[in-house]
$ cat protein.txt   # compact mmCIF, C-alpha atoms
# COMPACT_ATOMS: atom_id res chain seq x y z
CA MET Y 1329 -203.65 -131.27 -108.42
CA GLY Y 1330 -201.73 -128.29 -106.95
CA GLU Y 1331 -199.20 -128.44 -104.15
CA MET Y 1332 -200.58 -128.12 -100.58
CA MET Y 1333 -199.54 -124.93 -98.82
CA SER Y 1334 -199.86 -124.01 -95.12
CA MET Y 1335 -200.23 -120.37 -94.16
CA SER Y 1336 -200.59 -118.71 -90.80
CA ARG Y 1337 -203.50 -116.46 -89.87
CA ARG Y 1338 -201.25 -113.43 -90.19
CA ASP Y 1339 -200.24 -114.43 -93.74
CA LEU Y 1340 -203.90 -114.87 -94.73
CA ASP Y 1341 -204.71 -111.35 -93.50
CA ARG Y 1342 -201.72 -110.00 -95.40
CA LEU Y 1343 -202.79 -111.81 -98.58
CA LYS Y 1344 -206.17 -110.05 -98.66
CA ILE Y 1345 -204.62 -106.58 -98.36
CA LEU Y 1346 -201.78 -107.29 -100.79
CA GLU Y 1347 -204.25 -108.53 -103.44
CA LYS Y 1348 -206.05 -105.20 -103.18
CA VAL Y 1349 -202.73 -103.41 -103.71
CA LYS Y 1350 -202.00 -105.70 -106.68
CA ASP Y 1351 -205.39 -104.86 -108.23
CA LYS Y 1352 -204.71 -101.13 -107.54
CA GLU Y 1353 -207.67 -100.91 -105.18
CA LEU Y 1354 -205.44 -99.79 -102.29
CA LYS Y 1355 -202.35 -97.62 -102.12
CA GLN Y 1356 -199.03 -98.99 -100.87
CA VAL Y 1357 -198.74 -96.39 -98.08
CA GLU Y 1358 -202.20 -97.22 -96.71
CA ALA Y 1359 -201.44 -100.95 -96.95
CA GLY Y 1360 -198.22 -100.41 -94.98
CA ARG Y 1361 -200.13 -98.55 -92.28
CA LEU Y 1362 -202.71 -101.36 -92.01
CA LEU Y 1363 -200.06 -104.09 -91.95
CA ARG Y 1364 -197.74 -101.99 -89.73
CA ILE Y 1365 -194.83 -102.37 -92.13
CA SER Y 1366 -192.99 -99.95 -94.39
CA ASP Y 1367 -194.18 -99.16 -97.92
CA ARG Y 1368 -190.91 -100.58 -99.23
CA GLN Y 1369 -191.70 -103.94 -97.65
CA VAL Y 1370 -195.18 -103.72 -99.16
CA ARG Y 1371 -193.65 -103.39 -102.65
CA THR Y 1372 -191.40 -106.41 -101.96
CA LEU Y 1373 -194.36 -108.57 -100.90
CA VAL Y 1374 -196.45 -107.47 -103.89
CA HIS Y 1375 -193.60 -108.36 -106.23
CA ARG Y 1376 -193.37 -111.85 -104.67
CA LEU Y 1377 -197.15 -112.25 -104.92
CA LYS Y 1378 -197.04 -111.53 -108.67
CA HIS Y 1379 -194.18 -113.93 -109.46
CA GLU Y 1380 -194.55 -116.69 -106.84
CA GLY Y 1381 -198.22 -116.55 -105.99
CA PRO Y 1382 -199.61 -116.73 -102.41
CA ASN Y 1383 -196.65 -118.90 -101.35
CA GLY Y 1384 -194.32 -115.94 -101.87
CA ILE Y 1385 -195.58 -113.95 -98.89
CA VAL Y 1386 -194.77 -116.78 -96.44
CA SER Y 1387 -191.63 -116.04 -94.40
CA ARG Y 1388 -188.40 -117.50 -95.75
CA LEU Y 1389 -187.52 -118.69 -92.21
CA VAL Y 1390 -190.38 -121.20 -92.08
CA GLY Y 1391 -188.96 -124.73 -91.99
CA ARG Y 1392 -185.38 -123.59 -91.45
CA VAL Y 1393 -183.36 -124.75 -88.44
CA GLY Y 1394 -182.65 -121.91 -85.98
CA ASN Y 1395 -179.15 -120.55 -85.64
CA ARG Y 1396 -179.17 -121.36 -81.91
CA ASN Y 1397 -180.68 -124.79 -82.32
CA LYS Y 1398 -178.69 -127.49 -80.47
CA PRO Y 1399 -177.56 -130.60 -82.36
CA VAL Y 1400 -179.57 -133.76 -81.85
CA SER Y 1401 -176.57 -135.54 -80.28
CA PHE Y 1402 -176.18 -132.72 -77.75
CA LYS Y 1403 -179.86 -132.89 -76.80
CA GLU Y 1404 -179.72 -136.67 -76.39
CA ARG Y 1405 -176.67 -136.36 -74.13
CA VAL Y 1406 -178.41 -133.78 -71.92
CA ILE Y 1407 -181.59 -135.85 -71.68
CA ALA Y 1408 -179.54 -138.90 -70.68
CA LEU Y 1409 -177.84 -136.94 -67.89
CA LEU Y 1410 -181.17 -135.59 -66.69
CA ARG Y 1411 -182.61 -139.10 -66.54
CA GLU Y 1412 -179.70 -140.80 -64.78
CA LYS Y 1413 -177.61 -138.32 -62.75
CA TYR Y 1414 -179.98 -135.40 -62.21
CA GLU Y 1415 -183.24 -137.22 -61.68
CA GLY Y 1416 -185.73 -135.07 -59.77
CA PHE Y 1417 -183.87 -131.81 -60.37
CA GLY Y 1418 -185.81 -128.70 -61.35
CA PRO Y 1419 -184.97 -126.90 -64.62
CA THR Y 1420 -183.11 -124.02 -62.94
CA LEU Y 1421 -180.94 -126.20 -60.72
CA ALA Y 1422 -180.38 -128.73 -63.52
CA ALA Y 1423 -179.10 -125.99 -65.85
CA GLU Y 1424 -176.72 -124.76 -63.13
CA LYS Y 1425 -175.30 -128.24 -62.44
CA LEU Y 1426 -174.97 -129.09 -66.13
CA PHE Y 1427 -172.72 -126.05 -66.52
CA GLU Y 1428 -170.90 -126.43 -63.19
CA LEU Y 1429 -170.18 -130.18 -63.24
CA GLU Y 1430 -170.52 -131.19 -66.89
CA GLY Y 1431 -169.39 -128.01 -68.68
CA LEU Y 1432 -172.58 -127.91 -70.79
CA LYS Y 1433 -173.83 -124.33 -71.20
CA ILE Y 1434 -177.54 -124.31 -71.88
CA SER Y 1435 -180.31 -121.90 -70.93
CA GLU Y 1436 -182.81 -122.67 -68.18
CA GLU Y 1437 -185.77 -122.28 -70.54
CA THR Y 1438 -184.32 -124.78 -73.01
CA VAL Y 1439 -183.81 -127.29 -70.21
CA ARG Y 1440 -187.35 -126.62 -69.04
CA LEU Y 1441 -188.83 -127.28 -72.51
CA TRP Y 1442 -186.81 -130.46 -72.99
CA MET Y 1443 -187.78 -131.78 -69.54
CA ILE Y 1444 -191.46 -131.08 -70.19
CA GLU Y 1445 -191.20 -132.72 -73.61
CA HIS Y 1446 -189.72 -135.92 -72.15
CA ARG Y 1447 -191.94 -135.81 -69.04
CA LEU Y 1448 -189.01 -135.29 -66.68
CA TRP Y 1449 -190.62 -132.29 -64.98
CA VAL Y 1450 -194.22 -131.23 -64.48
CA PRO Y 1451 -194.98 -127.52 -63.94
CA ARG Y 1452 -196.51 -126.70 -60.59
CA LYS Y 1453 -200.16 -125.78 -60.45
CA ILE Y 1454 -201.00 -122.22 -59.52
CA LYS Y 1455 -202.33 -122.01 -55.97
CA CYS Y 1456 -205.72 -120.43 -55.45
CA ASN Y 1457 -205.09 -119.19 -51.90
CA ILE Y 1458 -203.93 -115.59 -52.03
CA HIS Y 1459 -202.34 -113.89 -49.02
CA PRO Y 1460 -201.57 -110.16 -48.98
CA PRO Y 1461 -197.80 -109.58 -49.19
CA ARG Y 1462 -195.91 -107.93 -46.36
CA LEU Y 1463 -193.25 -105.38 -47.25
CA ARG Y 1464 -189.69 -106.20 -46.34
CA ARG Y 1465 -188.08 -104.44 -43.41
CA PRO Y 1466 -185.78 -101.74 -44.80
CA CYS Y 1467 -182.68 -102.41 -42.68
CA PHE Y 1468 -180.45 -105.47 -42.49
CA GLY Y 1469 -180.81 -106.98 -39.01
CA GLU Y 1470 -184.16 -105.35 -38.24
CA LEU Y 1471 -186.05 -108.67 -38.37
CA VAL Y 1472 -184.85 -112.28 -38.53
CA GLN Y 1473 -187.23 -115.10 -39.47
CA ALA Y 1474 -186.58 -118.55 -38.00
CA ASP Y 1475 -188.19 -121.91 -38.70
CA GLY Y 1476 -187.54 -125.62 -38.36
CA SER Y 1477 -187.86 -127.80 -41.46
CA PRO Y 1478 -188.25 -131.58 -40.88
CA HIS Y 1479 -187.50 -133.45 -44.08
CA HIS Y 1480 -185.73 -136.50 -45.55
CA TRP Y 1481 -182.62 -134.43 -46.24
CA PHE Y 1482 -180.37 -137.40 -46.98
CA GLY Y 1483 -182.80 -139.28 -49.19
CA PRO Y 1484 -185.89 -141.46 -48.71
CA ASP Y 1485 -183.78 -144.38 -47.45
CA TYR Y 1486 -182.47 -142.38 -44.47
CA PRO Y 1487 -184.35 -141.19 -41.37
CA GLU Y 1488 -185.93 -137.77 -41.29
CA ALA Y 1489 -183.84 -134.88 -39.90
CA ASN Y 1490 -184.54 -131.26 -39.06
CA ALA Y 1491 -182.94 -128.12 -40.46
CA THR Y 1492 -183.14 -124.96 -38.35
CA VAL Y 1493 -183.06 -122.01 -40.76
CA LEU Y 1494 -182.62 -118.32 -39.97
CA ILE Y 1495 -182.93 -115.65 -42.68
CA ASP Y 1496 -182.83 -111.86 -42.69
CA ASP Y 1497 -186.13 -110.30 -43.73
CA ALA Y 1498 -184.60 -107.34 -45.59
CA THR Y 1499 -182.16 -109.33 -47.74
CA SER Y 1500 -183.38 -112.99 -47.65
CA MET Y 1501 -179.84 -113.99 -46.67
CA ILE Y 1502 -179.48 -117.26 -44.78
CA THR Y 1503 -177.76 -116.22 -41.56
CA GLY Y 1504 -178.02 -119.53 -39.70
CA LEU Y 1505 -178.37 -123.17 -40.81
CA TYR Y 1506 -178.05 -126.11 -38.43
CA PHE Y 1507 -179.09 -129.76 -38.80
CA SER Y 1508 -180.29 -131.94 -35.91
CA ASN Y 1509 -182.35 -135.06 -35.39
CA THR Y 1510 -185.49 -133.15 -34.38
CA GLU Y 1511 -186.65 -129.56 -33.90
CA THR Y 1512 -185.18 -128.75 -30.48
CA LEU Y 1513 -184.15 -125.79 -28.35
CA GLU Y 1514 -180.47 -126.63 -28.89
CA GLY Y 1515 -180.96 -126.46 -32.67
CA TYR Y 1516 -182.39 -122.95 -32.44
CA PHE Y 1517 -179.59 -121.92 -30.07
CA GLN Y 1518 -176.99 -123.21 -32.55
CA GLY Y 1519 -178.59 -121.35 -35.47
CA LEU Y 1520 -178.96 -118.18 -33.39
CA GLU Y 1521 -175.32 -118.40 -32.30
CA GLN Y 1522 -174.23 -118.56 -35.96
CA HIS Y 1523 -176.15 -115.35 -36.64
CA LEU Y 1524 -174.94 -113.58 -33.49
CA SER Y 1525 -171.29 -114.51 -33.96
CA GLN Y 1526 -171.17 -113.27 -37.55
CA TYR Y 1527 -173.51 -110.28 -37.61
CA GLY Y 1528 -174.44 -109.26 -34.04
CA ARG Y 1529 -177.74 -108.91 -32.18
CA PRO Y 1530 -180.83 -108.28 -34.40
CA LEU Y 1531 -183.77 -106.24 -33.24
CA ALA Y 1532 -186.46 -108.95 -33.48
CA LEU Y 1533 -186.96 -112.66 -34.13
CA TYR Y 1534 -190.05 -113.90 -36.02
CA THR Y 1535 -191.00 -117.55 -35.49
CA ASP Y 1536 -193.83 -120.06 -34.90
CA HIS Y 1537 -196.08 -120.62 -31.89
CA THR Y 1538 -194.08 -123.71 -30.92
CA THR Y 1539 -193.58 -124.78 -27.32
CA ILE Y 1540 -189.92 -123.86 -27.70
CA PHE Y 1541 -190.87 -120.16 -27.80
CA HIS Y 1542 -194.41 -120.08 -26.40
CA CYS Y 1543 -195.50 -121.50 -23.04
CA ALA Y 1544 -199.05 -122.71 -22.52
CA LYS Y 1545 -199.15 -120.73 -19.28
CA GLY Y 1546 -199.17 -117.15 -20.48
CA THR Y 1547 -197.30 -115.72 -17.48
CA GLU Y 1548 -194.27 -118.02 -17.75
CA LYS Y 1549 -191.44 -117.70 -20.25
CA THR Y 1550 -189.68 -120.52 -22.04
CA GLN Y 1551 -185.93 -121.07 -22.04
CA ALA Y 1552 -185.66 -119.52 -25.51
CA HIS Y 1553 -187.75 -116.50 -24.54
CA ARG Y 1554 -185.55 -115.85 -21.48
CA ALA Y 1555 -182.43 -116.02 -23.63
CA LEU Y 1556 -183.86 -113.55 -26.17
CA ASP Y 1557 -184.85 -111.16 -23.36
CA LYS Y 1558 -181.32 -111.36 -21.99
CA LEU Y 1559 -179.96 -110.44 -25.44
CA GLY Y 1560 -182.48 -107.64 -25.92
CA ILE Y 1561 -184.14 -109.31 -28.94
CA GLU Y 1562 -187.90 -108.92 -29.36
CA LEU Y 1563 -189.80 -112.17 -29.93
CA ILE Y 1564 -192.64 -112.06 -32.47
CA LEU Y 1565 -194.84 -115.16 -32.86
CA ALA Y 1566 -196.52 -115.80 -36.21
CA SER Y 1567 -200.14 -116.95 -36.25
CA THR Y 1568 -199.86 -118.72 -39.65
CA PRO Y 1569 -197.02 -120.10 -41.78
CA GLN Y 1570 -197.85 -117.56 -44.49
CA ALA Y 1571 -197.06 -114.73 -42.07
CA LYS Y 1572 -193.38 -115.69 -42.25
CA GLY Y 1573 -193.58 -116.77 -45.86
CA ARG Y 1574 -190.00 -115.79 -46.75
CA VAL Y 1575 -188.39 -118.39 -44.52
CA GLU Y 1576 -191.01 -120.94 -45.65
CA ARG Y 1577 -190.06 -120.20 -49.27
CA VAL Y 1578 -186.37 -120.65 -48.44
CA ASN Y 1579 -187.19 -123.99 -46.79
CA ARG Y 1580 -188.87 -125.16 -49.99
CA THR Y 1581 -185.82 -124.10 -52.01
CA LEU Y 1582 -183.48 -125.93 -49.63
CA GLN Y 1583 -185.62 -129.07 -49.73
CA ASP Y 1584 -185.16 -129.06 -53.50
CA ARG Y 1585 -181.57 -127.90 -53.95
CA LEU Y 1586 -179.84 -129.02 -50.76
CA VAL Y 1587 -181.14 -132.58 -50.96
CA LYS Y 1588 -179.65 -132.90 -54.45
CA GLU Y 1589 -176.37 -131.33 -53.32
CA PHE Y 1590 -176.15 -133.92 -50.53
CA ARG Y 1591 -176.80 -136.68 -53.04
CA LEU Y 1592 -174.11 -135.47 -55.44
CA ARG Y 1593 -171.54 -135.20 -52.63
CA GLY Y 1594 -172.46 -138.43 -50.85
CA ILE Y 1595 -173.51 -136.69 -47.60
CA HIS Y 1596 -175.65 -138.93 -45.41
CA THR Y 1597 -175.01 -137.82 -41.80
CA ILE Y 1598 -175.89 -134.76 -39.75
CA GLU Y 1599 -172.21 -134.06 -38.98
CA GLN Y 1600 -171.32 -134.00 -42.68
CA ALA Y 1601 -174.34 -131.81 -43.43
CA ASN Y 1602 -173.37 -129.22 -40.81
CA ALA Y 1603 -169.80 -129.17 -42.15
CA TYR Y 1604 -171.01 -128.55 -45.74
CA ALA Y 1605 -173.70 -126.03 -44.70
CA VAL Y 1606 -171.14 -123.20 -44.43
CA GLU Y 1607 -170.08 -123.58 -48.07
CA PHE Y 1608 -173.66 -123.96 -49.29
CA VAL Y 1609 -174.93 -120.88 -47.41
CA LYS Y 1610 -172.19 -118.72 -48.90
CA LYS Y 1611 -173.05 -119.82 -52.45
CA HIS Y 1612 -176.80 -119.54 -51.84
CA ASN Y 1613 -176.53 -115.98 -50.53
CA GLU Y 1614 -174.48 -114.94 -53.56
CA ASN Y 1615 -177.22 -116.15 -55.91
CA PHE Y 1616 -180.44 -115.30 -54.07
CA SER Y 1617 -179.85 -112.48 -51.58
CA LYS Y 1618 -181.47 -109.08 -52.15
CA LYS Y 1619 -180.11 -105.60 -51.62
CA PRO Y 1620 -181.73 -103.91 -48.58
CA MET Y 1621 -183.74 -100.73 -49.10
CA SER Y 1622 -181.64 -98.93 -46.49
CA ALA Y 1623 -177.86 -98.98 -46.10
CA CYS Y 1624 -178.22 -98.89 -42.29
CA ASP Y 1625 -177.22 -102.05 -40.40
CA ALA Y 1626 -179.57 -102.53 -37.43
CA HIS Y 1627 -177.40 -105.14 -35.70
CA ARG Y 1628 -176.00 -104.32 -32.26
CA SER Y 1629 -172.71 -105.28 -30.65
CA LEU Y 1630 -172.20 -108.47 -28.61
CA GLU Y 1631 -169.73 -106.84 -26.24
CA GLY Y 1632 -170.43 -107.81 -22.64
CA TYR Y 1633 -172.61 -110.83 -23.49
CA ASP Y 1634 -171.58 -114.38 -22.56
CA LEU Y 1635 -173.22 -116.49 -25.28
CA GLU Y 1636 -172.19 -119.75 -23.62
CA ARG Y 1637 -174.14 -118.72 -20.52
CA ILE Y 1638 -177.13 -117.19 -22.32
CA LEU Y 1639 -177.74 -119.74 -25.10
CA CYS Y 1640 -178.21 -122.78 -22.87
CA ARG Y 1641 -180.73 -124.31 -20.49
CA ARG Y 1642 -181.27 -122.51 -17.16
CA GLU Y 1643 -182.40 -123.97 -13.83
CA GLU Y 1644 -182.66 -122.60 -10.27
CA ARG Y 1645 -181.95 -124.38 -6.98
CA SER Y 1646 -181.96 -123.37 -3.28
CA LEU Y 1647 -178.97 -123.79 -0.95
CA ASN Y 1648 -179.16 -125.27 2.54
CA SER Y 1649 -177.14 -124.18 5.56
CA SER Y 1650 -174.11 -126.11 4.27
CA ALA Y 1651 -174.20 -124.45 0.81
CA ILE Y 1652 -175.39 -127.72 -0.74
CA PHE Y 1653 -177.96 -128.06 -3.54
CA GLN Y 1654 -179.33 -131.01 -5.47
CA PHE Y 1655 -179.41 -131.24 -9.26
CA ASN Y 1656 -180.20 -134.36 -11.35
CA LYS Y 1657 -180.18 -136.54 -8.21
CA VAL Y 1658 -176.65 -135.44 -7.29
CA HIS Y 1659 -175.71 -133.21 -4.33
CA TYR Y 1660 -173.22 -130.41 -4.98
CA GLN Y 1661 -171.47 -128.04 -2.59
CA ILE Y 1662 -170.18 -124.55 -3.38
CA GLN Y 1663 -166.42 -124.23 -2.83
CA GLY Y 1664 -164.26 -121.32 -1.69
CA ILE Y 1665 -166.78 -120.01 0.88
CA PHE Y 1666 -166.34 -120.50 4.68
CA GLU Y 1667 -169.44 -118.82 6.10
CA TYR Y 1668 -171.96 -121.30 4.76
CA ARG Y 1669 -174.83 -120.30 7.03
CA ARG Y 1670 -175.20 -116.94 5.31
CA LEU Y 1671 -176.08 -118.77 2.06
CA ASN Y 1672 -178.99 -120.65 3.59
CA LYS Y 1673 -182.06 -120.50 1.28
CA GLN Y 1674 -180.14 -118.46 -1.31
CA LYS Y 1675 -180.91 -119.16 -5.00
CA VAL Y 1676 -178.24 -120.36 -7.42
CA GLU Y 1677 -178.56 -120.34 -11.21
CA ILE Y 1678 -177.47 -123.50 -13.04
CA ARG Y 1679 -176.54 -123.36 -16.72
CA ILE Y 1680 -175.93 -126.51 -18.75
CA THR Y 1681 -173.94 -125.64 -21.87
CA ARG Y 1682 -174.37 -127.47 -25.17
CA ALA Y 1683 -171.07 -129.22 -24.49
CA GLY Y 1684 -172.57 -130.72 -21.30
CA LYS Y 1685 -170.63 -128.51 -18.87
CA MET Y 1686 -172.43 -127.30 -15.73
CA ARG Y 1687 -171.88 -123.67 -14.69
CA VAL Y 1688 -173.24 -122.34 -11.39
CA PHE Y 1689 -173.86 -118.65 -10.70
CA LEU Y 1690 -174.53 -117.06 -7.31
CA LYS Y 1691 -175.76 -113.45 -7.59
CA ASP Y 1692 -174.43 -113.22 -11.20
CA LYS Y 1693 -171.01 -114.46 -10.11
CA GLU Y 1694 -169.78 -117.87 -11.24
CA VAL Y 1695 -168.75 -120.10 -8.32
CA PRO Y 1696 -166.92 -123.46 -8.31
CA VAL Y 1697 -168.86 -126.52 -7.14
CA LEU Y 1698 -168.02 -130.13 -6.35
CA SER Y 1699 -170.20 -133.14 -5.82
CA LEU Y 1700 -170.29 -134.50 -2.26
CA CYS Y 1701 -168.38 -137.59 -3.37
CA GLU Y 1702 -165.53 -135.38 -4.59
CA VAL Y 1703 -165.68 -133.27 -1.44
CA LEU Y 1704 -165.26 -136.30 0.83
CA GLU Y 1705 -162.29 -137.52 -1.19
CA GLN Y 1706 -160.39 -134.22 -0.77
CA PRO Y 1707 -158.12 -133.66 2.27
CA ILE Y 1708 -159.43 -131.15 4.82
CA GLU Y 1709 -157.49 -127.86 4.82
CA LEU Y 1710 -157.96 -125.60 7.87
CA ASN Y 1711 -156.68 -122.07 8.43
CA ARG Y 1712 -154.87 -120.97 11.63
CA LYS Y 1713 -158.07 -119.86 13.37
CA GLU Y 1714 -159.75 -123.22 12.72
CA VAL Y 1715 -156.64 -125.13 13.83
CA LEU Y 1716 -156.55 -123.28 17.18
CA LYS Y 1717 -160.27 -123.87 17.58
CA TRP Y 1718 -159.94 -127.64 17.26
CA ALA Y 1719 -156.46 -128.06 18.88
CA PRO Y 1720 -156.36 -129.99 22.24
CA THR Y 1721 -155.78 -127.74 25.35
CA ALA Y 1722 -154.96 -128.36 29.07
CA PRO Y 1723 -158.00 -128.96 31.32
CA ARG Y 1724 -159.17 -125.91 33.24
CA GLY Y 1725 -160.28 -125.81 36.91
CA HIS Y 1726 -163.97 -125.79 37.67
CA LYS Y 1727 -165.33 -122.56 39.15
CA PRO Y 1728 -168.63 -123.06 41.00
CA GLY Y 1729 -171.56 -120.83 40.23
CA PRO Y 1730 -173.11 -118.27 42.62
CA LYS Y 1731 -175.91 -120.67 43.65
CA HIS Y 1732 -173.73 -123.69 44.13
CA PRO Y 1733 -174.24 -125.47 47.50
CA TRP Y 1734 -170.58 -125.00 48.30
CA ARG Y 1735 -170.91 -121.23 48.03
CA GLN Y 1736 -174.06 -121.23 50.18
CA ARG Y 1737 -172.32 -123.28 52.88
CA HIS Y 1738 -169.25 -121.01 52.81
CA ASP Y 1739 -171.38 -117.87 53.13
CA ARG Y 1740 -173.26 -119.34 56.10
CA GLN Y 1741 -170.06 -120.17 57.92
CA THR Y 1742 -168.75 -116.68 57.35
CA LYS Y 1743 -171.81 -115.09 58.93
CA ASN Y 1744 -171.57 -117.28 62.09
CA MET Y 1745 -167.97 -116.35 62.73
CA GLU Y 1746 -167.52 -113.73 65.52
CA PRO Y 1747 -165.08 -110.88 65.14
CA VAL Y 1748 -161.81 -111.23 67.05
CA VAL Y 1749 -161.19 -108.51 69.70
CA GLN Y 1750 -157.63 -107.57 70.34
$ encode --input "protein.txt" --output "structure tokens"
Amino acid sequence: MGEMMSMSRRDLDRLKILEKVKDKELKQVEAGRLLRISDRQVRTLVHRLKHEGPNGIVSRLVGRVGNRNKPVSFKERVIALLREKYEGFGPTLAAEKLFELEGLKISEETVRLWMIEHRLWVPRKIKCNIHPPRLRRPCFGELVQADGSPHHWFGPDYPEANATVLIDDATSMITGLYFSNTETLEGYFQGLEQHLSQYGRPLALYTDHTTIFHCAKGTEKTQAHRALDKLGIELILASTPQAKGRVERVNRTLQDRLVKEFRLRGIHTIEQANAYAVEFVKKHNENFSKKPMSACDAHRSLEGYDLERILCRREERSLNSSAIFQFNKVHYQIQGIFEYRRLNKQKVEIRITRAGKMRVFLKDKEVPVLSLCEVLEQPIELNRKEVLKWAPTAPRGHKPGPKHPWRQRHDRQTKNMEPVVQ
């Protein structure tokens, strides 16, 4: 019984044509054109067919180990690391960390195939929902997308936290990243301050219809909307998450990569995460940022803008005739002003900074204030005019009025007196 031989479909098609050439039913040039090979290679294959039979036309590389094939020991070592240290990592990130931390240089596709083979990673299913893409803005700083991402950033055993992410639409650069307990106004102010301090004022901000940016009453503006108006930044509200898909895609990347970076570095608190975010953002932008279509930078200068006053909560209060207003159940009095009555019913603007400091502005001018308890504890200081006003003086004589009974009696006596004749 002859030896079993396995041939591919391509080799079977070649065999039929080469047998015709061997039997001189077909010319070598025509066979080369049909097989899309040179006539010289046709002669080589016909020679092998005559001396070795059908097995001669099978490629000599079949069954050989590839030149780039990794040793079995190397593969077992990588699989062990993927199981123990890099559990849950995707192929791309796993290949990067294997080279960065372990010194093992291996392609992403090889890692992907090995992880699929050992069931360490399952390819994602293709989504059926298709949304039309939106072209990037051409200039850096023309549009900034912002979003909050609640997630178990420090692992499933730790409480959920929120990451406020700001990216540039033209380049996909992360321009602001701040972690907080929940998605709050202060978190967006912190992320926006990172962007403003480093790059300047963008033209527009693209974000969700959250209550932080959108008020249920259409005529009123939220604290964030007032701050953006003060900075001259247009607010654009997205109707769906897909409308600002670039920042949503970055959030998904961060939820994969950043969680694993925290785990490798032992980061489990918000303070540690915010400290490491600067280093991570720099590395992320080097790997994933795009080149803008235009070389023009649309950012504007911050000169003349007080970020501490703008990026904070704002309240208004009315003054009484003593320049006193109430805020958070405490009475405060404006200092350094003597004519208090002129300030009656005037409006003051109260700003509470993120550090907890209260700043009070009267007609766009910051004024010092003290609580009434502090005012009563201070010694009273009077100027010269006030001292003379309150100083004790000698009693003055009483001058009767024109209708006083004494004056009426004196006038009557004067009329009754006769003139003296000399």
$ residues_around --input "protein.txt" --residues "Y:Thr1492" --least-positions-apart "6" --cutoff "9 Å" --atoms "all atoms listed in the file" --output "JSON, numbers by chain"
{"Y": [1474, 1475, 1476, 1477, 1478, 1504, 1505, 1506, 1507, 1508, 1511, 1512, 1515, 1516, 1518, 1519]}
$ atom_distance --input "protein.txt" --atom1 "atom CA of Y:Ala1571" --atom2 "atom CA of Y:Thr1510"
23.1 Å
$ atom_distance --input "protein.txt" --atom1 "atom CA of Y:Glu1437" --atom2 "atom CA of Y:Val1390"
22.1 Å
$ atom_distance --input "protein.txt" --atom1 "atom CA of Y:Ala1423" --atom2 "atom CA of Y:Glu1436"
5.5 Å
$ closest_residue --input "protein.txt" --among "Y:Gly1594, Y:Gly1384, Y:Pro1620, Y:Pro1730" --to "Y:Asp1496" --atoms "all atoms listed in the file"
Y:Pro1620
$ closest_atom_pairs --input "protein.txt" --of "stretch 1475-1554 of chain Y" --to "stretch 1560-1566 of chain Y" --cutoff "12 Å" --atoms "all atoms listed in the file" --output "tab-separated table"
residue	atom	partner	partner_atom	distance
Y:Asp1475	CA	Y:Ala1566	CA	10.6
Y:Leu1520	CA	Y:Ile1561	CA	11.2
Y:Leu1524	CA	Y:Ile1561	CA	11.1
Y:Gly1528	CA	Y:Ile1561	CA	11.0
Y:Arg1529	CA	Y:Ile1561	CA	7.2
Y:Pro1530	CA	Y:Ile1561	CA	6.5
Y:Leu1531	CA	Y:Ile1561	CA	5.3
Y:Ala1532	CA	Y:Glu1562	CA	4.4
Y:Leu1533	CA	Y:Leu1563	CA	5.1
Y:Tyr1534	CA	Y:Ile1564	CA	4.8
Y:Thr1535	CA	Y:Leu1565	CA	5.2
Y:Asp1536	CA	Y:Ala1566	CA	5.2
Y:His1537	CA	Y:Leu1565	CA	5.7
Y:Thr1538	CA	Y:Leu1565	CA	8.8
Y:Thr1539	CA	Y:Leu1565	CA	11.2
Y:Ile1540	CA	Y:Leu1565	CA	11.2
Y:Phe1541	CA	Y:Leu1565	CA	8.1
Y:His1542	CA	Y:Leu1565	CA	8.1
Y:Cys1543	CA	Y:Leu1565	CA	11.7
Y:Lys1549	CA	Y:Leu1563	CA	11.3
Y:Thr1550	CA	Y:Leu1563	CA	11.5
Y:Ala1552	CA	Y:Leu1563	CA	9.5
Y:His1553	CA	Y:Leu1563	CA	7.2
Y:Arg1554	CA	Y:Gly1560	CA	9.8
$ residues_around --input "protein.txt" --residues "Y:His1612" --least-positions-apart "3" --cutoff "12 Å" --atoms "all atoms listed in the file" --output "list in words"
Leu1421, Ile1495, Ser1500, Met1501, Ile1502, Thr1503, Leu1505, Val1578, Thr1581, Leu1582, Arg1585, Leu1586, Glu1589, Ala1605, Val1606, Glu1607, Phe1608, Val1609, Asn1615, Phe1616, Ser1617 and Lys1618 of chain Y
$ closest_residue --input "protein.txt" --among "Y:Leu1494, Y:Val1393, Y:Leu1448, Y:Ala1489" --to "Y:Val1406" --atoms "all atoms listed in the file"
Y:Leu1448
$ closest_residue --input "protein.txt" --among "Y:Glu1404, Y:Lys1558, Y:Tyr1414, Y:Ile1444" --to "Y:Leu1630" --atoms "all atoms listed in the file"
Y:Lys1558
$ closest_residue --input "protein.txt" --among "Y:Pro1461, Y:Phe1402, Y:Val1493, Y:Gln1661" --to "Y:Gly1573" --atoms "all atoms listed in the file"
Y:Pro1461
$ closest_residue --input "protein.txt" --among "Y:Lys1403, Y:Glu1514, Y:Glu1412, Y:His1459" --to "Y:Leu1432" --atoms "only C-alpha atoms"
Y:Lys1403
$ residues_around --input "protein.txt" --residues "Y:Pro1419" --least-positions-apart "5" --cutoff "9 Å" --atoms "all atoms listed in the file" --output "ChimeraX atom specification"
/Y:1424,1436-1441,1443,1449
$ closest_residue --input "protein.txt" --among "Y:Arg1411, Y:Arg1593, Y:Pro1460, Y:Ala1626" --to "Y:His1446" --atoms "all atoms listed in the file"
Y:Arg1411
$ axis_aligned_box --input "protein.txt" --around "stretch 1529-1542 of chain Y" --padding-each-side "5 Å" --output "AutoDock Vina command-line options"
--center_x -186.9 --center_y -115.5 --center_z -31.2 --size_x 28.3 --size_y 28.5 --size_z 19.6
